[in-house]
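Written below as structure tokens is the structure these notes are about.
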2 protein chains.
Amino acid sequence: MPVINFLLDSEKIEFTCDSGTNLMEAVVEAGIELKAVCGGAGSCGKCQVIVKEGEVNQLAQGSLSPDKLKQGYVLACQTEVIEDVRIEIPPESRLSEHQIFVAEEAEDEELLTEKEIQIAEKIELDPLYKRVDLELDEPTLVNNASDLDRLYTGLNQRHDWPGLTTSLSVMEDLASHLRDNNWQTQVSLALANDNYEVSELNAPDYEQPDYGIAVDIGTTTMVLELINLETGESVATSGLYNKQGRYGDDVIGRINYAKQNDDGLDKLHQAVIDTINELIDDVVNKESIDYADIKTAVFAGNTTMSHLFLGIDPNNIRLEPYIPTVNFIPPLQAEELGIKIKEEGWIHYLPGVSSFVGGDITSGVLATEIGKREEITLFIDIGTNGELVLGNQDWLITCSCSAGPAFEGGGIEYGMRAMSGAIEFFEIDEDTYEIKYSTINARPPIGVCGSGLIKLIATLNEVGIINRSGKFESDFEHERLREREYETEFVLVWEEQAGIDEDIVITENDIKNLLRSKGAIYAGIRMMLQNMSLTEDFIEEVLVAGGFGNYINIDDAKKIGLLPDLPNDKFKFVGNTSLKGAKMSLLSKEKFDQVNEIANKMTYLELSAEDQSQEFMDEFVSAQFIPHTDLSLFPSVTETNSDD
Amino acid sequence: MPVINFLLDSEKIEFTCDSGTNLMEAVVEAGIELKAVCGGAGSCGKCQVIVKEGEVNQLAQGSLSPDKLKQGYVLACQTEVIEDVRIEIPPESRLSEHQIFVAEEAEDEELLTEKEIQIAEKIELDPLYKRVDLELDEPTLVNNASDLDRLYTGLNQRHDWPGLTTSLSVMEDLASHLRDNNWQTQVSLALANDNYEVSELNAPDYEQPDYGIAVDIGTTTMVLELINLETGESVATSGLYNKQGRYGDDVIGRINYAKQNDDGLDKLHQAVIDTINELIDDVVNKESIDYADIKTAVFAGNTTMSHLFLGIDPNNIRLEPYIPTVNFIPPLQAEELGIKIKEEGWIHYLPGVSSFVGGDITSGVLATEIGKREEITLFIDIGTNGELVLGNQDWLITCSCSAGPAFEGGGIEYGMRAMSGAIEFFEIDEDTYEIKYSTINARPPIGVCGSGLIKLIATLNEVGIINRSGKFESDFEHERLREREYETEFVLVWEEQAGIDEDIVITENDIKNLLRSKGAIYAGIRMMLQNMSLTEDFIEEVLVAGGFGNYINIDDAKKIGLLPDLPNDKFKFVGNTSLKGAKMSLLSKEKFDQVNEIANKMTYLELSAEDQSQEFMDEFVSAQFIPHTDLSLFPSVTETNSDD
Ligand code: FES
Ligand SMILES: [Mg+2]
Ligand SMILES: [Mg+2]
């Protein structure tokens, strides 16, 4: 059997496999996190590795340049191992292992500060798992209700709990528990299916706190908060890349992977459960608590994530007419999914609206309370899909625009996620075209992340290197601008300064992709406004959610026409509202009910539906310019930038 | 390790055990069904076996006569095996293995025929598990509800199903099932917790019938009916002795066994589950169906049985103030209890009212519809406890009187259950005192069963052998009447005619026990009437339920003062109403809801409560005569029987 020696930055991994093994699979098995935006279809070109020694069997070469081919680059997903090889994994192909930014750490003074949602202050604590002190009458020959009826009566004197149920294991303990504790008890009630379940009985002096977890299941990153259910305090937070990343970068890549591999669905399902369990391990260790001290959990994530979380085939999400199997997910018990909290603990997944507007968005609407205000608010969550919500207390409309992965670095030759070594900021001298940049963690640059790309496009246009169509100005000449086969590229960082062995460039095609992405989002905003017969002026506030939002500069975003041209003070970054809404739901039954109402109330605007698609296409085409075909939509931008 | 050779009627069983093993346990382990009325406490004396060879260690000898001791009799429950032995199991000590009478077979022309409750005619079929045909609209970009919402909408167009839920396994199949079947489907809905669960999806042409089971969990015998849920027809019936019998004959014996043995509760729980599974095996084999074709189950049984069925400690049932852990049992899934039907199938156990009025009685009230009539009905279920219900559409009162096991043969020296060889009928010649009798299955007599005992007391009194106090008439002399230590006995069958090696006798103490039993039941009836300020005349109908009811003669029962002195045409034998009510509940959600209302509505009269106990004691004492102290209560009996 062939032996593979993987060479990484700082380690070597030896791995033995069968002859004919797919190299991507071997990489994954060996525990190395490799980029795979397209899910192993051979189209994204992100899974490049270098064959240093030995022969491999290449099934396809994708878009690898002749130069790279010469250096031994192959696409791991299109390569079979047939003999002993040495494989180098270049840093730009790896999913960096650095810690996910969680709320506290993400703060950065140069950026607009996040509008912090002070959950504990806002809501009245009424968690989905709670303890009630009870003192029951001792039974007599006359007052002779069963123990369970006595318990129910006691509970209902305190509150009207609809349809109480009790698990067999609690019934087994009930008689001796009540008698041993002299008819005083602490009863734990857990929200199950529209009703409460008597979930635990504890002695009156039992003091161990109950915990819950709120989890944002992002396609890319997952964040978990461990919450003390009695105080409402967040006691620990942990973040990790979604382990599904190795099977595809975006939801479409993952759906493809599930479709094309026999055990694809199982692997994706297991990957998300494993990630959750690792996050749980982390907070349990940090706080030295038991797994069983975590009594319940609320999850929020997009619709593909909900399907993979449940182990349900997500294929119809991808196929017209884009029908999810389930939007409202009945509660399940932790052991049914293998989630490492109290085995019988109830798991809630916030409801979605459609295949492309999921529980992360309804959670965001809950957290931001845009459905409770008089004023009209625009909510934007930019990721591979841009999910948009517009509305107020009377109506809520939502749509999803396939922005594509450009802002996450996908489809951009040197694009990458916001990881160490990613350029996040540019300055180009108007005269010399000298370029200054900064990178995340101040590491030598290896690519450009989303916020860097927005800044870059704005700046290239501002200094006159590219025109409003995103093409290089025909009269611009500089050593940085050069032709290669079928492509024009502009050098951002020379090899000498770069953290990789080549120049970092941006191509005309990259710019085209970026304009498509921003155009799709802007067109989505326009479509929602038009459907409600409104104009931009009616928008009182724009809330930008998601990790990405933390790093974009509003002025740049307006300059390129990604965000509408409204005064800066109308924009707020609201951070991970998916996580915040999950936490609110965990801590308040009222909020939990509200998120269900929100999901019911939201009108989904399907942009590919017949009555919308031509209009959307027109809006989309008009938005492929910097900032837009119709300059009157961007008055402030065109004022200051009248030279293009 | 010692080897035990068990000698039975027709077989030999060899069994190896550790030295010191309890002989009762060895018997049970060897698969032999031995009587153990007191649950192995050494007090009932029913577990007699004969040591033919070898030495044993006797811990106690109980009430074994010197004669029996000489013959090698020991109480199995009080004996330890220390070396190789040969043990004979006499027939009177065995639980006979003959088939339990199920409704069809129990008919007997000489007895009043059972008032057959024609379930299928009476109720509108709406079973707790049902299939609904659905034709759904194909989704489009505009009509783009999730698959599950589409299914729910389709179902709700047919009927208002409150709070529908869906299991994960159904969600996993849903998308492909709907698409493969062109949006036509048969949806199976199962009643879960106050709501319906989408439990299965089948192709529109799927025709396999769904089955359910209704089960009466009697302390002694258990009967199961397999029912086709579409037609309401009973397709197979099976009966077995409750395998708990080896651990105690009545509920108090079993509660003691659970209390006194470390794994007693487990064993009792497993025994009832094993019995149920054997009954299921039987009907599944008879009908050649799959276990998974049985989709749901309804059980009825007394409160001790419900606790043991669930594996809940029944000890408080036995201890004042007699509090059960649970009367209303939440539905459970079959696999949780290890019941061999469809794993996720829902299990319903009909609700009880108190520790001594259980789901078998509420089921009986449902089946007989006494809570729907204008006229007042008395419902009697005679077993170890006599459970009584009195009432009409406006009120229902119930009580339980500890009749003791006399009518089941307990506490009666030659008493036995209605099994092969039991004397069920007597005739005593007034002049010669010659005795004629008949036995079940015409086997040589080995004891007397309940109906035989009633006939015997009535006859002994009629011919002047015993007086109204149950004592042998002082002036009666006959070779059949003889003294022994502290006891007077009357020979019923001489050894030569008997199926055992001794005379079959009735003692004065036996008669006292029988008068206690009948007195307790009659006093219970009186207490209920008095609590409602009524007299016997108000009773329009007396319904006698239970297997025992099938074999008693009304005239004899009135003669001894067991049943009130009402015209014969007011008495009806209604058979196993526990089973019938379970079947009705299985087939009709309306009936299922009714039985819950019944349990809520019934007023339980605790006869040992302070305000009742003195009155009850008076009534009880007055009823220790044949037929009663107050002869005016039995005018018809005293008329024809004026010679005592
Ligand atoms: S005396 Fe042995 S079981 Fe009762
Ligand atoms: Mg997100
Ligand atoms: Mg019964």
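How things are named: the first chain in the structure tokens is A, the next is B, and so on; residues count from 1 in each chain; ligands count from 1 in the order shown.
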Please write out the residues within 9 Å of ligand 2 as a count of residues only, counting only C-alpha atoms and all ligand atoms.
22
List as a ChimeraX atom specification the protein and nucleic acid residues near Asn315 (chain B), meaning an atom at most 10 Å away when only C-alpha atoms are counted, but skip any in the same chain fewer than 3 places from it.
/A:175-176 /B:252,254-259,265,304,307,312,318-319,322-325
Write the residues of the preceding selection, restricted to N, CA and C atoms, as a short mmCIF file (atom, residue, chain, number, x, y, z; two decimals), in the first residue's frame.
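Dumped to out.cif:
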data_model
loop_
_atom_site.label_atom_id
_atom_site.label_comp_id
_atom_site.auth_asym_id
_atom_site.auth_seq_id
_atom_site.Cartn_x
_atom_site.Cartn_y
_atom_site.Cartn_z
N ALA A 175 -41.65 8.57 43.41
CA ALA A 175 -42.21 8.23 44.72
C ALA A 175 -41.15 8.37 45.81
N SER A 176 -39.98 7.79 45.61
CA SER A 176 -38.98 7.83 46.67
C SER A 176 -38.38 9.23 46.79
N ILE B 252 -50.49 -7.87 46.42
CA ILE B 252 -49.71 -7.63 47.64
C ILE B 252 -48.50 -8.57 47.68
N ARG B 254 -46.89 -9.67 45.14
CA ARG B 254 -45.89 -9.18 44.17
C ARG B 254 -45.19 -7.93 44.69
N ILE B 255 -45.97 -7.05 45.32
CA ILE B 255 -45.35 -5.84 45.88
C ILE B 255 -44.32 -6.25 46.93
N ASN B 256 -44.68 -7.27 47.75
CA ASN B 256 -43.73 -7.78 48.74
C ASN B 256 -42.49 -8.33 48.08
N TYR B 257 -42.70 -9.07 47.01
CA TYR B 257 -41.55 -9.66 46.32
C TYR B 257 -40.63 -8.55 45.81
N ALA B 258 -41.23 -7.50 45.25
CA ALA B 258 -40.43 -6.38 44.73
C ALA B 258 -39.66 -5.72 45.85
N LYS B 259 -40.29 -5.63 47.01
CA LYS B 259 -39.67 -4.96 48.15
C LYS B 259 -38.51 -5.78 48.72
N LEU B 265 -38.08 -5.94 41.56
CA LEU B 265 -38.85 -5.08 40.67
C LEU B 265 -38.50 -5.39 39.21
N THR B 304 -51.29 -1.77 40.38
CA THR B 304 -50.01 -2.46 40.63
C THR B 304 -49.44 -2.95 39.30
N HIS B 307 -47.78 -0.13 37.41
CA HIS B 307 -46.47 0.23 37.94
C HIS B 307 -45.41 -0.80 37.54
N ILE B 312 -41.93 0.75 37.71
CA ILE B 312 -41.95 1.71 38.82
C ILE B 312 -42.24 0.95 40.11
N ARG B 318 -49.12 -0.27 48.72
CA ARG B 318 -49.39 -1.17 49.82
C ARG B 318 -49.39 -0.44 51.18
N LEU B 319 -48.74 0.71 51.23
CA LEU B 319 -48.55 1.42 52.50
C LEU B 319 -49.57 2.55 52.62
N TYR B 322 -51.70 4.66 50.82
CA TYR B 322 -51.97 3.96 49.54
C TYR B 322 -51.92 4.89 48.32
N ILE B 323 -50.77 5.47 48.11
CA ILE B 323 -50.62 6.44 47.02
C ILE B 323 -49.88 5.82 45.83
N PRO B 324 -50.50 5.77 44.67
CA PRO B 324 -49.77 5.29 43.50
C PRO B 324 -48.83 6.39 43.00
N THR B 325 -47.80 6.01 42.29
CA THR B 325 -46.95 7.04 41.70
C THR B 325 -47.68 7.74 40.57
#
So that I can check the secondary structure, give me every residue of region 207-399 of chain A assigned strand (DSSP E) by backbone DSSP, as a ChimeraX atom specification.
/A:211-217,221-228,234-241,294-301,332-333,346-349,376-382,386-391,396-399
Keeping N, CA and C atoms for every residue in the selection just given, could you write it to a file as a compact mmCIF listing (two decimals), in the first residue's frame?
# COMPACT_ATOMS: atom_id res chain seq x y z
N TYR A 211 -27.14 24.64 32.84
CA TYR A 211 -26.60 25.37 31.70
C TYR A 211 -27.36 25.03 30.43
N GLY A 212 -27.31 25.95 29.49
CA GLY A 212 -27.82 25.69 28.16
C GLY A 212 -26.78 26.16 27.17
N ILE A 213 -26.92 25.75 25.92
CA ILE A 213 -26.00 26.28 24.91
C ILE A 213 -26.80 26.90 23.76
N ALA A 214 -26.25 27.99 23.26
CA ALA A 214 -26.78 28.61 22.05
C ALA A 214 -25.69 28.45 21.01
N VAL A 215 -26.04 27.97 19.83
CA VAL A 215 -25.02 27.66 18.82
C VAL A 215 -25.42 28.25 17.48
N ASP A 216 -24.49 28.97 16.88
CA ASP A 216 -24.67 29.42 15.51
C ASP A 216 -23.93 28.43 14.60
N ILE A 217 -24.68 27.73 13.78
CA ILE A 217 -24.06 26.79 12.84
C ILE A 217 -23.85 27.52 11.53
N THR A 221 -18.02 29.02 9.85
CA THR A 221 -17.58 28.97 11.24
C THR A 221 -18.76 28.71 12.15
N MET A 222 -18.47 28.09 13.26
CA MET A 222 -19.51 27.80 14.22
C MET A 222 -19.10 28.38 15.57
N VAL A 223 -20.05 29.00 16.24
CA VAL A 223 -19.77 29.60 17.54
C VAL A 223 -20.79 29.09 18.56
N LEU A 224 -20.29 28.74 19.72
CA LEU A 224 -21.15 28.23 20.78
C LEU A 224 -20.99 29.08 22.03
N GLU A 225 -22.11 29.39 22.66
CA GLU A 225 -22.06 30.07 23.96
C GLU A 225 -22.65 29.18 25.02
N LEU A 226 -21.93 29.03 26.11
CA LEU A 226 -22.43 28.29 27.26
C LEU A 226 -23.08 29.30 28.20
N ILE A 227 -24.32 29.04 28.54
CA ILE A 227 -25.09 30.04 29.27
C ILE A 227 -25.65 29.48 30.57
N ASN A 228 -25.47 30.21 31.64
CA ASN A 228 -26.07 29.85 32.92
C ASN A 228 -27.55 30.22 32.84
N SER A 234 -23.62 34.55 29.95
CA SER A 234 -22.78 33.74 29.10
C SER A 234 -21.50 33.46 29.86
N VAL A 235 -21.21 32.17 30.13
CA VAL A 235 -20.04 31.87 30.96
C VAL A 235 -18.84 31.42 30.15
N ALA A 236 -19.06 31.01 28.92
CA ALA A 236 -17.91 30.64 28.08
C ALA A 236 -18.37 30.66 26.63
N THR A 237 -17.42 30.93 25.75
CA THR A 237 -17.73 30.98 24.33
C THR A 237 -16.63 30.23 23.60
N SER A 238 -17.01 29.56 22.54
CA SER A 238 -15.99 28.85 21.78
C SER A 238 -16.37 28.88 20.30
N GLY A 239 -15.36 28.96 19.45
CA GLY A 239 -15.61 28.99 18.02
C GLY A 239 -14.69 28.03 17.29
N LEU A 240 -15.16 27.48 16.19
CA LEU A 240 -14.35 26.55 15.38
C LEU A 240 -14.80 26.67 13.94
N TYR A 241 -13.94 26.32 13.02
CA TYR A 241 -14.41 26.16 11.66
C TYR A 241 -15.34 24.96 11.62
N ILE A 294 -25.43 20.45 31.00
CA ILE A 294 -26.02 21.23 29.90
C ILE A 294 -27.35 20.57 29.59
N LYS A 295 -28.42 21.29 29.86
CA LYS A 295 -29.75 20.68 29.87
C LYS A 295 -30.51 20.83 28.56
N THR A 296 -30.18 21.85 27.81
CA THR A 296 -30.92 22.07 26.57
C THR A 296 -30.07 22.90 25.62
N ALA A 297 -30.49 23.01 24.38
CA ALA A 297 -29.68 23.69 23.37
C ALA A 297 -30.57 24.33 22.32
N VAL A 298 -30.16 25.50 21.87
CA VAL A 298 -30.85 26.13 20.74
C VAL A 298 -29.83 26.37 19.65
N PHE A 299 -30.16 25.92 18.44
CA PHE A 299 -29.26 26.05 17.29
C PHE A 299 -29.89 26.99 16.27
N ALA A 300 -29.02 27.74 15.60
CA ALA A 300 -29.49 28.55 14.48
C ALA A 300 -28.51 28.37 13.34
N GLY A 301 -29.02 28.25 12.15
CA GLY A 301 -28.15 28.09 11.00
C GLY A 301 -29.00 28.13 9.74
N LEU A 332 -35.92 17.65 19.16
CA LEU A 332 -35.40 16.28 19.25
C LEU A 332 -34.63 16.17 20.55
N GLN A 333 -34.34 14.93 20.94
CA GLN A 333 -33.54 14.77 22.15
C GLN A 333 -32.08 14.55 21.78
N TRP A 346 -33.48 18.47 25.45
CA TRP A 346 -34.16 18.83 24.22
C TRP A 346 -33.34 19.81 23.40
N ILE A 347 -33.36 19.56 22.10
CA ILE A 347 -32.60 20.31 21.10
C ILE A 347 -33.60 21.09 20.26
N HIS A 348 -33.42 22.39 20.17
CA HIS A 348 -34.29 23.20 19.34
C HIS A 348 -33.48 23.84 18.22
N TYR A 349 -34.02 23.83 17.03
CA TYR A 349 -33.35 24.46 15.89
C TYR A 349 -34.30 25.53 15.37
N ILE A 376 -38.88 51.38 9.05
CA ILE A 376 -38.48 50.29 8.15
C ILE A 376 -36.98 50.05 8.29
N THR A 377 -36.61 48.81 8.49
CA THR A 377 -35.20 48.45 8.63
C THR A 377 -34.81 47.48 7.53
N LEU A 378 -33.59 47.63 7.06
CA LEU A 378 -33.01 46.67 6.12
C LEU A 378 -31.96 45.86 6.88
N PHE A 379 -32.11 44.54 6.82
CA PHE A 379 -31.17 43.64 7.49
C PHE A 379 -30.40 42.89 6.41
N ILE A 380 -29.08 42.90 6.52
CA ILE A 380 -28.24 42.26 5.49
C ILE A 380 -27.27 41.29 6.14
N ASP A 381 -27.29 40.05 5.68
CA ASP A 381 -26.28 39.09 6.13
C ASP A 381 -25.53 38.64 4.89
N ILE A 382 -24.29 39.11 4.74
CA ILE A 382 -23.54 38.80 3.53
C ILE A 382 -22.64 37.61 3.76
N GLY A 386 -26.27 36.22 -0.09
CA GLY A 386 -26.63 37.41 0.65
C GLY A 386 -28.09 37.24 1.05
N GLU A 387 -28.34 37.24 2.35
CA GLU A 387 -29.73 37.12 2.80
C GLU A 387 -30.18 38.49 3.28
N LEU A 388 -31.32 38.90 2.80
CA LEU A 388 -31.80 40.25 3.05
C LEU A 388 -33.19 40.19 3.67
N VAL A 389 -33.44 41.09 4.60
CA VAL A 389 -34.78 41.22 5.16
C VAL A 389 -35.11 42.70 5.19
N LEU A 390 -36.33 43.02 4.81
CA LEU A 390 -36.79 44.41 4.86
C LEU A 390 -38.14 44.40 5.55
N GLY A 391 -38.36 45.38 6.43
CA GLY A 391 -39.70 45.41 7.01
C GLY A 391 -39.78 46.17 8.30
N LEU A 396 -42.79 41.94 6.85
CA LEU A 396 -41.38 41.55 6.70
C LEU A 396 -41.26 40.81 5.38
N ILE A 397 -40.33 41.25 4.56
CA ILE A 397 -40.11 40.57 3.29
C ILE A 397 -38.64 40.12 3.28
N THR A 398 -38.37 38.99 2.69
CA THR A 398 -36.99 38.48 2.72
C THR A 398 -36.65 37.88 1.37
N CYS A 399 -35.39 37.95 1.01
CA CYS A 399 -34.96 37.25 -0.20
C CYS A 399 -33.50 36.85 -0.03
Using only C-alpha atoms, which residues sit within 7 Å of region 11-21 of chain B once same-chain residues fewer than 2 positions away are excluded, as a list of chain:residue names?
B:Met1, B:Pro2, B:Val3, B:Ile4, B:Asn5, B:Phe6, B:Leu7, B:Leu8, B:Asp9, B:Leu23, B:Ala26, B:Ala30, B:Glu80, B:Val81, B:Ile82, B:Glu83
Residue subset to file, keeping N, CA, C and O atoms, as an mmCIF file, in the first residue's frame:
data_model
loop_
_atom_site.group_PDB
_atom_site.id
_atom_site.type_symbol
_atom_site.label_atom_id
_atom_site.label_comp_id
_atom_site.auth_asym_id
_atom_site.auth_seq_id
_atom_site.Cartn_x
_atom_site.Cartn_y
_atom_site.Cartn_z
ATOM 1 N N MET B 1 -21.201 -28.342 42.280
ATOM 2 C CA MET B 1 -22.503 -27.676 42.410
ATOM 3 C C MET B 1 -23.615 -28.719 42.454
ATOM 4 O O MET B 1 -23.630 -29.650 41.657
ATOM 5 N N PRO B 2 -24.561 -28.526 43.386
ATOM 6 C CA PRO B 2 -25.632 -29.519 43.519
ATOM 7 C C PRO B 2 -26.470 -29.629 42.242
ATOM 8 O O PRO B 2 -26.697 -28.641 41.555
ATOM 9 N N VAL B 3 -26.958 -30.841 41.977
ATOM 10 C CA VAL B 3 -27.860 -31.082 40.857
ATOM 11 C C VAL B 3 -29.241 -31.405 41.420
ATOM 12 O O VAL B 3 -29.376 -32.235 42.315
ATOM 13 N N ILE B 4 -30.258 -30.706 40.922
ATOM 14 C CA ILE B 4 -31.627 -30.981 41.344
ATOM 15 C C ILE B 4 -32.329 -31.752 40.228
ATOM 16 O O ILE B 4 -32.234 -31.365 39.065
ATOM 17 N N ASN B 5 -32.979 -32.867 40.588
ATOM 18 C CA ASN B 5 -33.844 -33.548 39.636
ATOM 19 C C ASN B 5 -35.284 -33.256 40.003
ATOM 20 O O ASN B 5 -35.776 -33.730 41.027
ATOM 21 N N PHE B 6 -35.941 -32.467 39.206
ATOM 22 C CA PHE B 6 -37.348 -32.146 39.446
ATOM 23 C C PHE B 6 -38.229 -33.219 38.807
ATOM 24 O O PHE B 6 -38.054 -33.573 37.639
ATOM 25 N N LEU B 7 -39.171 -33.756 39.587
ATOM 26 C CA LEU B 7 -40.111 -34.750 39.071
ATOM 27 C C LEU B 7 -41.466 -34.078 38.938
ATOM 28 O O LEU B 7 -42.042 -33.614 39.932
ATOM 29 N N LEU B 8 -41.959 -34.017 37.718
ATOM 30 C CA LEU B 8 -43.277 -33.450 37.509
ATOM 31 C C LEU B 8 -44.198 -34.570 37.058
ATOM 32 O O LEU B 8 -43.768 -35.705 36.864
ATOM 33 N N ASP B 9 -45.457 -34.228 36.864
ATOM 34 C CA ASP B 9 -46.464 -35.159 36.391
ATOM 35 C C ASP B 9 -45.898 -36.092 35.315
ATOM 36 O O ASP B 9 -45.854 -37.299 35.471
ATOM 37 N N LEU B 23 -34.655 -22.813 46.876
ATOM 38 C CA LEU B 23 -35.304 -23.820 46.042
ATOM 39 C C LEU B 23 -36.382 -23.196 45.147
ATOM 40 O O LEU B 23 -36.548 -23.585 43.990
ATOM 41 N N ALA B 26 -34.699 -21.773 42.211
ATOM 42 C CA ALA B 26 -34.261 -22.841 41.307
ATOM 43 C C ALA B 26 -35.431 -23.348 40.482
ATOM 44 O O ALA B 26 -35.311 -23.582 39.275
ATOM 45 N N ALA B 30 -35.708 -23.078 36.511
ATOM 46 C CA ALA B 30 -35.859 -24.290 35.710
ATOM 47 C C ALA B 30 -37.105 -24.227 34.834
ATOM 48 O O ALA B 30 -37.403 -25.146 34.085
ATOM 49 N N GLU B 80 -33.227 -24.162 51.209
ATOM 50 C CA GLU B 80 -31.994 -23.978 50.443
ATOM 51 C C GLU B 80 -31.455 -25.337 49.998
ATOM 52 O O GLU B 80 -31.481 -26.315 50.752
ATOM 53 N N VAL B 81 -30.942 -25.358 48.779
ATOM 54 C CA VAL B 81 -30.385 -26.595 48.231
ATOM 55 C C VAL B 81 -28.901 -26.644 48.583
ATOM 56 O O VAL B 81 -28.173 -25.683 48.322
ATOM 57 N N ILE B 82 -28.474 -27.753 49.199
ATOM 58 C CA ILE B 82 -27.054 -27.827 49.592
ATOM 59 C C ILE B 82 -26.344 -29.030 48.989
ATOM 60 O O ILE B 82 -25.127 -29.115 48.967
ATOM 61 N N GLU B 83 -27.129 -29.991 48.467
ATOM 62 C CA GLU B 83 -26.499 -31.134 47.804
ATOM 63 C C GLU B 83 -27.453 -31.664 46.741
ATOM 64 O O GLU B 83 -28.551 -31.130 46.549
#
Identify every residue of chain A that has at least one atom within 9 Å of any atom of chain B, counting only C-alpha atoms, and report the result as a PyMOL selection string.
chain A and resi 139-149+163+165-168+171-176+193-194+310-313+316+320-330+332+336+353-355+605-606+608-610
